[in-house]
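Structure first, commentary second.
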Amino acid sequence: MDTTRRSFLRRSAGALALAPIVPVGRLTLRGGRDGAFPDSADRSSVVARGPQEAWVARARAEIPASTESLYFQTGGIGPAPSVVIDHVSERLDFQNRSPAEPRISEEMARIEPDLRAQLGRVFGAGTEEVALTHSTSEGIAIAAWGLNWAQGDEVVISNQEHPANVVPWYVLRDRFGLVIREIDLGTGTDLIDEVRGQLTDRTRMVSISHVSRNNGRTLRADESAELGALLRSRGVAYHLDGAQGPGCVVTDFRALGCDAYSTCGHKWLLGPKGTGALFVRREMLDDMQLSWAGSHSHATMDYEGAYTLLPSAARYEFGTRALADFAGFAHAVDWMEHIGLEKVEERIHSLVDHAIEVVDRTDGLGVSSPRTRPDRSGVFVVQLPEGCDATQLYNELREDEGILGSPVREERDFRLSIHFFNTRDEIDAAIAAIAERCS
């Protein structure tokens, strides 16, 4: 393509491909707008591709998608580093040398328990509170079908949910007569007041997003914990959709105070598709019952009708698993931890600060997502002017400019999912392209 921004993208990608290969963990933050390198030769290469913090440049060199396009679609699916995909391939190759040979099968069998322990350690849960799933949607379904619903029972969701946290409730409504009540989680509403206003004696569960994929609002840990205490006092289960949480915002299962938390590996954690986790508070394991079970859900069984379930959240898992993918999930979390999750979060906030400044000085555009911490996230939503169609904009930016963003629920909202590997120059180019298309 011959547009100015497309030319910029090609130049940036080419320069980054030549970036010096230095282990991420040994790179340090330096000064300048996005940092600078120490010697004149490195400084000249920075000018060619736009100023970069050294560790960001190194990480971008490991994420092919980050130099193939202006990638602002992590909220849909994150681009995995090459080392993660290589690890999946290596584990799959190793397993298939002789899958039933004990030396191989026993090594592969360690992947799942090790991953449960890793996810619990990183995200504030006990190992026994972690179940491995294949997506956030699967975790939501386990939680949604975990109660014995009766006609007239109620669930509270919000007006900011992904279809994954809406469609299951529609199905339960149609099968069992469940009543769906909705709160407003728009920017600036009071979470506790909103939920309290919808609670009745028939409320059985509240299921809302930790981070909204539609407006980027993040539930603060203190307000979520307050809500969890309120709901427990009334015997109401509390589930969070965490698809946009880990890797984007600080995520601590215990601090959030919820009973269950569903998440995935393929968004902000940059892991393989088909990986996820469900955290369930140990006190809720018997209350959140199994709707799907099979081999590996049980601790004991016989063929006379007796069985016992595993005493941990692993009871929600069953059947043959894609172990190489779960190994890739673990490797992605390792990779993110090696960079530093706090460093990643600070980088995201710095980029969002820049995005807000750029939008504020761009005629016709506004900011739909929260502006201040800790209510905001890397899910940055631009409000388009009247008459600018977000879906048409998405198609034009993708096809003509190589800019990957996303329309969301509100007609004039356009989402840029800003991760740490994005740059200020990319944000400038994306917002300029939006303004030009919508003028």
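We name chains A, B, ... following the order of the structure tokens; residues begin at 1 in each chain, and ligands are numbered from 1 as shown.
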Skip segment 133-136 of chain A itself and residues of its chain fewer than 6 positions away, then list as number ranges by chain all residues within 7 Å of it, counting only C-alpha atoms. A: 243, 262-264, 274-278
Which parts of segment 126-308 of chain A does DSSP call helix (DSSP H, G or I) when run on the backbone here, written out as a PyMOL selection string? chain A and resi 127-129+136-144+163-165+167-176+191-196+221-233+253-256+282-284
Top pick for closest residue to Glu411 of chain A, considering A:Ala429, A:Pro163, A:Arg424, A:Val381 and counting only C-alpha atoms: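 Ranking A:Ala429, A:Pro163, A:Arg424, A:Val381 by distance to Glu411 of chain A, first place goes to A:Val381.
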Of the residues A:Asp222, A:Glu112, A:Asp86, A:Glu53, which is the one nearest to Arg321 of chain A, using only C-alpha atoms? A:Glu112
Nearby residues (only C-alpha atoms) at most 8 Å from Arg217 of chain A, same-chain spacing under 4 positions excluded, as number ranges by chain: A: 185-187, 211-212, 369-370, 375-377
Those selected residues, please, written with N, CA, C and O atoms and delivered as a CSV table (one decimal), in the first residue's frame.
```
chain,number,residue,atom,x,y,z
A,185,LEU,N,-23.0,-0.4,33.7
A,185,LEU,CA,-21.6,-0.3,34.0
A,185,LEU,C,-20.9,0.7,33.1
A,185,LEU,O,-19.8,0.5,32.7
A,186,GLY,N,-21.7,1.7,32.7
A,186,GLY,CA,-21.0,2.8,31.9
A,186,GLY,C,-20.0,3.5,32.8
A,186,GLY,O,-20.0,3.3,34.0
A,187,THR,N,-19.2,4.3,32.1
A,187,THR,CA,-18.1,5.0,32.8
A,187,THR,C,-18.8,5.9,33.9
A,187,THR,O,-19.6,6.7,33.6
A,211,VAL,N,-13.0,-6.4,33.5
A,211,VAL,CA,-12.7,-5.3,32.6
A,211,VAL,C,-13.6,-5.4,31.4
A,211,VAL,O,-13.7,-6.4,30.7
A,212,SER,N,-14.3,-4.3,31.1
A,212,SER,CA,-15.3,-4.3,30.0
A,212,SER,C,-14.6,-4.3,28.7
A,212,SER,O,-13.8,-3.4,28.4
A,369,SER,N,-13.9,5.6,27.1
A,369,SER,CA,-13.4,4.8,28.2
A,369,SER,C,-13.0,5.7,29.3
A,369,SER,O,-12.8,6.9,29.2
A,370,PRO,N,-12.8,5.1,30.5
A,370,PRO,CA,-12.4,5.9,31.7
A,370,PRO,C,-11.0,6.5,31.5
A,370,PRO,O,-10.2,6.0,30.8
A,375,ASP,N,-9.6,3.0,37.3
A,375,ASP,CA,-10.8,2.6,36.6
A,375,ASP,C,-10.6,2.2,35.1
A,375,ASP,O,-11.4,1.6,34.5
A,376,ARG,N,-9.5,2.6,34.5
A,376,ARG,CA,-9.2,2.4,33.1
A,376,ARG,C,-8.3,1.2,32.9
A,376,ARG,O,-7.9,0.5,33.9
A,377,SER,N,-8.1,0.9,31.6
A,377,SER,CA,-7.3,-0.3,31.3
A,377,SER,C,-6.7,0.0,29.9
A,377,SER,O,-6.8,1.1,29.4
```
For Val344 of chain A: contacts at 12 Å, only C-alpha atoms, fewer than 6 positions along chain excluded, given as a list in words: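 Once the nearby chain positions are removed, what remains is Trp55, Val56, Ala59, Pro246, Gly247, Cys248, Val249, Val250, Trp268, Leu269, Trp335, Met336, Glu337, His338, Ser350, Leu351, Ser377, Gly378, Ile418, His419, Phe420, Phe421 and Asn422 of chain A.
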Do a neighbour search on Ile192 of chain A at 8 Å with only C-alpha atoms, toss out local chain neighbours closer than 5 positions, and write the hits as a list of chain:residue names.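 So, after excluding close chain neighbours, the residues are A:Glu223, A:Glu226, A:Leu227.
Among the candidate residues A:Asp325, A:Asp153, A:Glu107, A:Glu436, the one lying nearest to Leu92 of chain A is A:Asp325, with distances computed using only C-alpha atoms.
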Strand (DSSP E) residues, from DSSP on the backbone, in segment 243-300 of chain A, as a PyMOL selection string: chain A and resi 260-264+276-280+298-300
Could you turn the residues from that selection into a file that holds N, CA, C and O atoms, as a PDB file, in the first residue's frame?
```pdb
ATOM      1  N   ALA A 260     -15.917 -16.850  41.702  1.00  0.00           N
ATOM      2  CA  ALA A 260     -15.378 -17.517  40.516  1.00  0.00           C
ATOM      3  C   ALA A 260     -14.899 -16.460  39.536  1.00  0.00           C
ATOM      4  O   ALA A 260     -15.486 -15.371  39.447  1.00  0.00           O
ATOM      5  N   TYR A 261     -13.842 -16.799  38.803  1.00  0.00           N
ATOM      6  CA  TYR A 261     -13.227 -15.865  37.869  1.00  0.00           C
ATOM      7  C   TYR A 261     -12.808 -16.650  36.637  1.00  0.00           C
ATOM      8  O   TYR A 261     -11.999 -17.578  36.721  1.00  0.00           O
ATOM      9  N   SER A 262     -13.357 -16.280  35.479  1.00  0.00           N
ATOM     10  CA  SER A 262     -13.050 -16.958  34.220  1.00  0.00           C
ATOM     11  C   SER A 262     -12.099 -16.104  33.390  1.00  0.00           C
ATOM     12  O   SER A 262     -12.309 -14.897  33.262  1.00  0.00           O
ATOM     13  N   THR A 263     -11.088 -16.729  32.806  1.00  0.00           N
ATOM     14  CA  THR A 263     -10.166 -15.979  31.968  1.00  0.00           C
ATOM     15  C   THR A 263      -9.617 -16.875  30.869  1.00  0.00           C
ATOM     16  O   THR A 263      -9.995 -18.042  30.758  1.00  0.00           O
ATOM     17  N   CYS A 264      -8.729 -16.305  30.040  1.00  0.00           N
ATOM     18  CA  CYS A 264      -8.185 -17.056  28.913  1.00  0.00           C
ATOM     19  C   CYS A 264      -6.707 -16.730  28.745  1.00  0.00           C
ATOM     20  O   CYS A 264      -6.199 -15.737  29.267  1.00  0.00           O
ATOM     21  N   GLY A 276      -7.325 -21.510  28.778  1.00  0.00           N
ATOM     22  CA  GLY A 276      -7.989 -20.621  29.720  1.00  0.00           C
ATOM     23  C   GLY A 276      -7.955 -21.206  31.114  1.00  0.00           C
ATOM     24  O   GLY A 276      -7.373 -22.274  31.357  1.00  0.00           O
ATOM     25  N   ALA A 277      -8.589 -20.503  32.038  1.00  0.00           N
ATOM     26  CA  ALA A 277      -8.626 -20.959  33.426  1.00  0.00           C
ATOM     27  C   ALA A 277      -9.884 -20.450  34.100  1.00  0.00           C
ATOM     28  O   ALA A 277     -10.423 -19.389  33.751  1.00  0.00           O
ATOM     29  N   LEU A 278     -10.352 -21.222  35.060  1.00  0.00           N
ATOM     30  CA  LEU A 278     -11.451 -20.835  35.932  1.00  0.00           C
ATOM     31  C   LEU A 278     -10.951 -20.949  37.362  1.00  0.00           C
ATOM     32  O   LEU A 278     -10.520 -22.018  37.793  1.00  0.00           O
ATOM     33  N   PHE A 279     -10.987 -19.831  38.091  1.00  0.00           N
ATOM     34  CA  PHE A 279     -10.648 -19.833  39.511  1.00  0.00           C
ATOM     35  C   PHE A 279     -11.954 -19.923  40.297  1.00  0.00           C
ATOM     36  O   PHE A 279     -12.888 -19.142  40.046  1.00  0.00           O
ATOM     37  N   VAL A 280     -12.002 -20.854  41.244  1.00  0.00           N
ATOM     38  CA  VAL A 280     -13.193 -21.023  42.084  1.00  0.00           C
ATOM     39  C   VAL A 280     -12.759 -21.038  43.537  1.00  0.00           C
ATOM     40  O   VAL A 280     -11.896 -21.853  43.924  1.00  0.00           O
ATOM     41  N   HIS A 298     -13.010 -37.256  38.519  1.00  0.00           N
ATOM     42  CA  HIS A 298     -13.248 -38.021  39.734  1.00  0.00           C
ATOM     43  C   HIS A 298     -11.955 -38.349  40.467  1.00  0.00           C
ATOM     44  O   HIS A 298     -10.887 -38.476  39.856  1.00  0.00           O
ATOM     45  N   ALA A 299     -12.109 -38.526  41.782  1.00  0.00           N
ATOM     46  CA  ALA A 299     -11.008 -39.037  42.595  1.00  0.00           C
ATOM     47  C   ALA A 299     -11.087 -40.550  42.684  1.00  0.00           C
ATOM     48  O   ALA A 299     -10.077 -41.246  42.571  1.00  0.00           O
ATOM     49  N   THR A 300     -12.311 -41.056  42.894  1.00  0.00           N
ATOM     50  CA  THR A 300     -12.537 -42.503  42.943  1.00  0.00           C
ATOM     51  C   THR A 300     -13.843 -42.808  42.231  1.00  0.00           C
ATOM     52  O   THR A 300     -14.718 -41.956  42.096  1.00  0.00           O
TER      53      THR A 300
END
```
Can you pull out the residues contacting His87 of chain A? Cut-off 8 Å, using only C-alpha atoms, and skip same-chain residues under 2 positions away; I want them as a PDB file with N, CA and C atoms, in the first residue's frame.
```
ATOM      1  N   VAL A  83       8.476 -17.535  20.493  1.00  0.00           N
ATOM      2  CA  VAL A  83       8.973 -18.567  21.398  1.00  0.00           C
ATOM      3  C   VAL A  83       7.835 -19.384  22.000  1.00  0.00           C
ATOM      4  N   VAL A  84       6.663 -18.785  22.143  1.00  0.00           N
ATOM      5  CA  VAL A  84       5.504 -19.509  22.668  1.00  0.00           C
ATOM      6  C   VAL A  84       5.017 -20.534  21.649  1.00  0.00           C
ATOM      7  N   ILE A  85       4.866 -20.108  20.409  1.00  0.00           N
ATOM      8  CA  ILE A  85       4.414 -21.019  19.370  1.00  0.00           C
ATOM      9  C   ILE A  85       5.451 -22.115  19.143  1.00  0.00           C
ATOM     10  N   SER A  89       4.931 -26.233  19.491  1.00  0.00           N
ATOM     11  CA  SER A  89       5.362 -27.160  18.444  1.00  0.00           C
ATOM     12  C   SER A  89       6.337 -28.203  18.982  1.00  0.00           C
ATOM     13  N   GLU A  90       7.280 -27.758  19.813  1.00  0.00           N
ATOM     14  CA  GLU A  90       8.270 -28.682  20.370  1.00  0.00           C
ATOM     15  C   GLU A  90       7.609 -29.716  21.266  1.00  0.00           C
ATOM     16  N   ARG A  91       6.664 -29.269  22.123  1.00  0.00           N
ATOM     17  CA  ARG A  91       5.991 -30.200  23.020  1.00  0.00           C
ATOM     18  C   ARG A  91       5.113 -31.190  22.238  1.00  0.00           C
ATOM     19  N   ALA A 324       0.041 -29.804  24.752  1.00  0.00           N
ATOM     20  CA  ALA A 324       1.041 -28.905  24.175  1.00  0.00           C
ATOM     21  C   ALA A 324       0.556 -27.454  24.220  1.00  0.00           C
ATOM     22  N   ALA A 327       1.035 -26.214  27.640  1.00  0.00           N
ATOM     23  CA  ALA A 327       2.452 -25.906  27.827  1.00  0.00           C
ATOM     24  C   ALA A 327       2.780 -24.538  27.251  1.00  0.00           C
ATOM     25  N   GLY A 328       2.171 -24.203  26.098  1.00  0.00           N
ATOM     26  CA  GLY A 328       2.353 -22.881  25.513  1.00  0.00           C
ATOM     27  C   GLY A 328       1.777 -21.783  26.394  1.00  0.00           C
ATOM     28  N   HIS A 331       4.226 -21.158  29.039  1.00  0.00           N
ATOM     29  CA  HIS A 331       5.395 -20.467  28.505  1.00  0.00           C
ATOM     30  C   HIS A 331       5.092 -18.985  28.280  1.00  0.00           C
TER      31      HIS A 331
END
```
Using only C-alpha atoms, can you tell me which of A:His349, A:Leu416, A:Val88, A:Gln160 comes closest to Leu397 of chain A?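 Going through A:His349, A:Leu416, A:Val88, A:Gln160 one by one, the smallest distance to Leu397 of chain A is for A:Leu416.
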For Val206 of chain A, work out the shell of residues within 7 Å, counting only C-alpha atoms and skipping chain neighbours fewer than 6 positions away, then give it as a PyMOL selection string. chain A and resi 155-157+237-239
